[in-house]
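Taking it in order: structure first as structure tokens, then the write-up.
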Amino acid sequence: MESTRKKQLDRMFNPRGLAFFGGIASPGTFGNLIALSQIRYGYDGNLYPISPKGGEIGGHKIFKSLDEVQGPIDLACISVPAKAVPEVLQDCLDHGVNGVQVHSSGFAETGKAEGIDLQKQIVHIARQGLRIVGPNCFGLHSPKGRITVLPGSDFNKEPGPVALISQSGGVATDFGYAGQSAGIRLSKVISFGNGCDVDAVELMEFMGADPDTQYIAAYLEGIQNGGRFLETVKQASKTKPVVIWKAGLTPLGKRAAQSHTGSLAGGRAIWEGVLAQAGATSVQGLDEAVDALTAHYYLKKPGPRIAVVGGGGAIGVFSCDLASQWGLDLPHFSDTTRRNLRQHFPTPGNSMANPLDTGSPVVPVETMQASIREIILNEPIDVVVVILLMRPLELEVRTFMEMAGMDAPLPGIYLEQLLDNLSEIKQETGKDIAVVMENRAGQKEEIDVEVTMRRMRDLYQSHGFPVFSSAKRALRGISHAAARVWFLKRSVG
């Protein structure tokens, strides 16, 4: 990437000054909400709301024009009607603004001559040196730069290593919240919409070289320069996991993509094949993207050999089917391991095979610890998947104990004790352990189980354990992480 253009993008993600155009003083308008989101998120640079009406917003003066602004503006947020965008862009260019994000829609995505012509006009302005993200986008999020997209005023403010490149503003914001739930911290998120100037190719190259980014995710509907993009992905994936959700891969999807961002999309088989050759992880849907990133993010030595502990017989059988489907292996435990495990489960109703069916979803913490340690120390396993069923652990145990006249345990106490044991095993062996917290307590009067599950999820994540909501999502994520390890080994070989 040409150094001047890269510096301009850097400034946009870390702006010294922010300007806003479009309905700033009118409550509920897009421009008003954008400005308030930045204020609430805690942007600590200079704010320059611009409106001929003047006034104030959130305690900040509204300037009547850029002529009143003294300091540098590295990013301007534009939410005026489409027809007015070229004039505002020219004003920004004339006043030395570094870059802008155009939230307004009504351009090439409409498929109409007027919108296409308007987009050509802003491309012409961009070529004179003004960097443009959009139009038809939510823009940039950067914890380090203290800026965020419109609905992201409560995104995590702590910078992390995961970046997202997205043509969709909705996916960008959903990813921000889903990442928080998964314990994944973000470096940068960008919704670039129609990509008339800053496009997917440039952003992939930028994130590939960005020292703050160690993992790259992307939601894409169409690529204008497919060959160059794939070469950029190939270079980035040599040092960073790249997870790509390529949408618009069916006839109906292509039609929707064209009307959403004006993008052209190719066939599914072609895209999945070329992305795999480039070393990227190909996913479909936000959940799968987050699962893949969770596994990449937490697992240090992911591999295809897994052991499943707990969850019951049916979940174990289903896990075997999923493992076979996704290229994972559940090796048979040795006779010695099975004999040793049997010492912890002397009664009938369980299985000492892999998966390890504990018979009951609630077994003593010491038994779980001893079983997992036995498997890790004596079996050629890459990842142990521990399945915890929240309803039995938190609701049924409490109910039975109360029926028996016993004091019910405090919410989450079992999981807290198990966490201590799993942390000890992980530190002792260096092996990867993934956790499934599956909650089937779906009645309104069972909401406390969900609250406990989320609290425990966050606690486990803070101790370095990936937490998935189902065995399916756990195995899918692990399969993607293991596939990357295999790809890197093959590339070196």
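As shown in the structure tokens, the chain order sets the letters A, B, ...; within each chain, residues go from 1, and ligands are also counted from 1 in the order they appear.
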
What's the 10 Å shell around Gly179 in chain A, counting only C-alpha atoms, without same-chain residues fewer than 4 positions away, as a list in words?
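My reading of the contact set: Phe155, Asn156, Val162, Thr173, Asp174, Phe175, Gly183, Ile184, Arg185, Leu186, Val290, Asp291, Leu293 and Thr294 of chain A.
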
Next, the residues of the selection above should be written as a PDB file, in the first residue's frame with N, CA and C atoms.
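Done, and the output landed in result09.pdb:
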ATOM      1  N   PHE A 155     -19.715  -0.456  23.051  1.00  0.00           N
ATOM      2  CA  PHE A 155     -18.700  -1.456  22.725  1.00  0.00           C
ATOM      3  C   PHE A 155     -17.575  -1.396  23.764  1.00  0.00           C
ATOM      4  N   ASN A 156     -16.853  -2.499  23.881  1.00  0.00           N
ATOM      5  CA  ASN A 156     -15.701  -2.553  24.775  1.00  0.00           C
ATOM      6  C   ASN A 156     -14.691  -1.473  24.377  1.00  0.00           C
ATOM      7  N   VAL A 162      -8.281  -8.271  17.296  1.00  0.00           N
ATOM      8  CA  VAL A 162      -9.153  -8.775  16.232  1.00  0.00           C
ATOM      9  C   VAL A 162      -9.763  -7.619  15.441  1.00  0.00           C
ATOM     10  N   THR A 173     -21.858  -4.076  13.608  1.00  0.00           N
ATOM     11  CA  THR A 173     -22.307  -3.866  14.981  1.00  0.00           C
ATOM     12  C   THR A 173     -22.630  -5.186  15.677  1.00  0.00           C
ATOM     13  N   ASP A 174     -23.252  -6.116  14.966  1.00  0.00           N
ATOM     14  CA  ASP A 174     -23.527  -7.426  15.564  1.00  0.00           C
ATOM     15  C   ASP A 174     -22.228  -8.126  15.955  1.00  0.00           C
ATOM     16  N   PHE A 175     -21.214  -7.989  15.125  1.00  0.00           N
ATOM     17  CA  PHE A 175     -19.921  -8.594  15.416  1.00  0.00           C
ATOM     18  C   PHE A 175     -19.311  -7.978  16.668  1.00  0.00           C
ATOM     19  N   GLY A 183     -15.612 -12.847  24.551  1.00  0.00           N
ATOM     20  CA  GLY A 183     -14.378 -12.439  25.207  1.00  0.00           C
ATOM     21  C   GLY A 183     -13.294 -12.022  24.232  1.00  0.00           C
ATOM     22  N   ILE A 184     -13.704 -11.650  23.019  1.00  0.00           N
ATOM     23  CA  ILE A 184     -12.755 -11.248  21.976  1.00  0.00           C
ATOM     24  C   ILE A 184     -12.681  -9.728  21.933  1.00  0.00           C
ATOM     25  N   ARG A 185     -11.498  -9.182  22.139  1.00  0.00           N
ATOM     26  CA  ARG A 185     -11.315  -7.736  22.084  1.00  0.00           C
ATOM     27  C   ARG A 185     -10.904  -7.305  20.671  1.00  0.00           C
ATOM     28  N   LEU A 186     -11.290  -6.097  20.302  1.00  0.00           N
ATOM     29  CA  LEU A 186     -11.163  -5.641  18.927  1.00  0.00           C
ATOM     30  C   LEU A 186     -10.062  -4.593  18.763  1.00  0.00           C
ATOM     31  N   VAL A 290     -17.671 -16.109  14.451  1.00  0.00           N
ATOM     32  CA  VAL A 290     -17.259 -15.925  15.840  1.00  0.00           C
ATOM     33  C   VAL A 290     -16.685 -17.216  16.415  1.00  0.00           C
ATOM     34  N   ASP A 291     -17.273 -18.369  16.067  1.00  0.00           N
ATOM     35  CA  ASP A 291     -16.743 -19.654  16.537  1.00  0.00           C
ATOM     36  C   ASP A 291     -15.309 -19.864  16.056  1.00  0.00           C
ATOM     37  N   LEU A 293     -13.117 -17.562  15.076  1.00  0.00           N
ATOM     38  CA  LEU A 293     -12.225 -16.607  15.729  1.00  0.00           C
ATOM     39  C   LEU A 293     -11.986 -16.968  17.186  1.00  0.00           C
ATOM     40  N   THR A 294     -13.019 -17.458  17.869  1.00  0.00           N
ATOM     41  CA  THR A 294     -12.857 -17.875  19.263  1.00  0.00           C
ATOM     42  C   THR A 294     -11.813 -18.964  19.384  1.00  0.00           C
TER      43      THR A 294
END

Show which residues sit within 8 Å of Met352 in chain A, as a list in words. Count only C-alpha atoms, and ignore same-chain residues fewer than 6 positions away.
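In the requested format, the answer is Arg338, Leu341, Arg342 and Thr358 of chain A.
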
Test item: residues at most 12 Å from Lys7 in chain A, only C-alpha atoms, excluding those fewer than 5 positions along its chain, as number ranges by chain:
A: 1-2, 12-15, 74, 98-99, 131, 206, 210

Any idea what the distance is between CA of Leu475 in chain A and CA of Gly222 in chain A?
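So the two atoms, CA of Leu475 in chain A and CA of Gly222 in chain A, lie 29.1 Å apart.
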
Atom pair CA of Ala276 in chain A + CA of His141 in chain A, distance 28.3 Å

Which neighbours of range 376-380 of chain A fall inside 9 Å, counting only C-alpha atoms, when residues of the same chain fewer than 2 positions from it are skipped, and could you give them as a ChimeraX atom specification?
/A:305-307,331-334,336-337,371-374,382-384,425,429,431

Would you save the residues of that selection, restricted to N, CA and C atoms, as a PDB file, in the first residue's frame?
ATOM      1  N   ARG A 305      -7.189 -33.921  16.899  1.00  0.00           N
ATOM      2  CA  ARG A 305      -7.471 -35.001  17.854  1.00  0.00           C
ATOM      3  C   ARG A 305      -8.120 -34.412  19.098  1.00  0.00           C
ATOM      4  N   ILE A 306      -9.384 -34.755  19.321  1.00  0.00           N
ATOM      5  CA  ILE A 306     -10.109 -34.180  20.441  1.00  0.00           C
ATOM      6  C   ILE A 306     -10.657 -35.271  21.348  1.00  0.00           C
ATOM      7  N   ALA A 307     -10.905 -34.896  22.587  1.00  0.00           N
ATOM      8  CA  ALA A 307     -11.617 -35.739  23.538  1.00  0.00           C
ATOM      9  C   ALA A 307     -12.813 -34.952  24.039  1.00  0.00           C
ATOM     10  N   PRO A 331      -9.918 -40.132  19.026  1.00  0.00           N
ATOM     11  CA  PRO A 331      -9.176 -41.389  19.153  1.00  0.00           C
ATOM     12  C   PRO A 331      -9.735 -42.265  20.274  1.00  0.00           C
ATOM     13  N   HIS A 332      -9.704 -43.578  20.054  1.00  0.00           N
ATOM     14  CA  HIS A 332     -10.096 -44.506  21.107  1.00  0.00           C
ATOM     15  C   HIS A 332      -9.112 -44.408  22.267  1.00  0.00           C
ATOM     16  N   PHE A 333      -9.649 -44.373  23.485  1.00  0.00           N
ATOM     17  CA  PHE A 333      -8.774 -44.383  24.656  1.00  0.00           C
ATOM     18  C   PHE A 333      -8.141 -45.767  24.797  1.00  0.00           C
ATOM     19  N   SER A 334      -6.916 -45.790  25.290  1.00  0.00           N
ATOM     20  CA  SER A 334      -6.226 -47.062  25.517  1.00  0.00           C
ATOM     21  C   SER A 334      -6.915 -47.843  26.630  1.00  0.00           C
ATOM     22  N   THR A 336      -5.548 -49.019  29.220  1.00  0.00           N
ATOM     23  CA  THR A 336      -5.062 -48.520  30.514  1.00  0.00           C
ATOM     24  C   THR A 336      -5.843 -47.289  30.946  1.00  0.00           C
ATOM     25  N   THR A 337      -6.051 -46.360  30.018  1.00  0.00           N
ATOM     26  CA  THR A 337      -6.806 -45.155  30.343  1.00  0.00           C
ATOM     27  C   THR A 337      -8.237 -45.492  30.739  1.00  0.00           C
ATOM     28  N   SER A 371     -10.520 -37.135  35.847  1.00  0.00           N
ATOM     29  CA  SER A 371     -10.774 -37.736  34.539  1.00  0.00           C
ATOM     30  C   SER A 371     -10.079 -36.956  33.427  1.00  0.00           C
ATOM     31  N   ILE A 372     -10.201 -35.640  33.457  1.00  0.00           N
ATOM     32  CA  ILE A 372      -9.587 -34.808  32.419  1.00  0.00           C
ATOM     33  C   ILE A 372      -8.065 -34.915  32.486  1.00  0.00           C
ATOM     34  N   ARG A 373      -7.524 -34.907  33.697  1.00  0.00           N
ATOM     35  CA  ARG A 373      -6.074 -35.047  33.836  1.00  0.00           C
ATOM     36  C   ARG A 373      -5.615 -36.406  33.292  1.00  0.00           C
ATOM     37  N   GLU A 374      -6.346 -37.448  33.576  1.00  0.00           N
ATOM     38  CA  GLU A 374      -6.001 -38.786  33.085  1.00  0.00           C
ATOM     39  C   GLU A 374      -5.948 -38.802  31.565  1.00  0.00           C
ATOM     40  N   ASP A 382      -5.237 -33.296  21.275  1.00  0.00           N
ATOM     41  CA  ASP A 382      -4.876 -31.889  21.082  1.00  0.00           C
ATOM     42  C   ASP A 382      -5.762 -30.952  21.908  1.00  0.00           C
ATOM     43  N   VAL A 383      -7.062 -31.233  21.925  1.00  0.00           N
ATOM     44  CA  VAL A 383      -8.009 -30.369  22.626  1.00  0.00           C
ATOM     45  C   VAL A 383      -9.016 -31.228  23.379  1.00  0.00           C
ATOM     46  N   VAL A 384      -9.239 -30.916  24.648  1.00  0.00           N
ATOM     47  CA  VAL A 384     -10.299 -31.548  25.418  1.00  0.00           C
ATOM     48  C   VAL A 384     -11.498 -30.609  25.449  1.00  0.00           C
ATOM     49  N   ILE A 425      -4.930 -27.793  35.727  1.00  0.00           N
ATOM     50  CA  ILE A 425      -4.562 -28.777  34.700  1.00  0.00           C
ATOM     51  C   ILE A 425      -3.925 -28.092  33.496  1.00  0.00           C
ATOM     52  N   THR A 429      -0.144 -28.888  32.260  1.00  0.00           N
ATOM     53  CA  THR A 429       0.091 -29.673  31.046  1.00  0.00           C
ATOM     54  C   THR A 429       0.316 -28.835  29.796  1.00  0.00           C
ATOM     55  N   LYS A 431      -1.963 -28.024  27.801  1.00  0.00           N
ATOM     56  CA  LYS A 431      -2.905 -28.498  26.795  1.00  0.00           C
ATOM     57  C   LYS A 431      -4.099 -27.556  26.676  1.00  0.00           C
TER      58      LYS A 431
END

When DSSP is applied to the backbone of this structure, which of range 243-432 of chain A are assigned helix (DSSP H, G or I)? Write them out as a PyMOL selection string.
chain A and resi 251-261+268-277+286-298+313-325+335-342+365-378+390-403+413-429

Just the residues within 7 Å of Ser237 in chain A, please, counting only C-alpha atoms, with nothing from its chain fewer than 5 positions along; format it as a PyMOL selection string.
chain A and resi 242+279-280
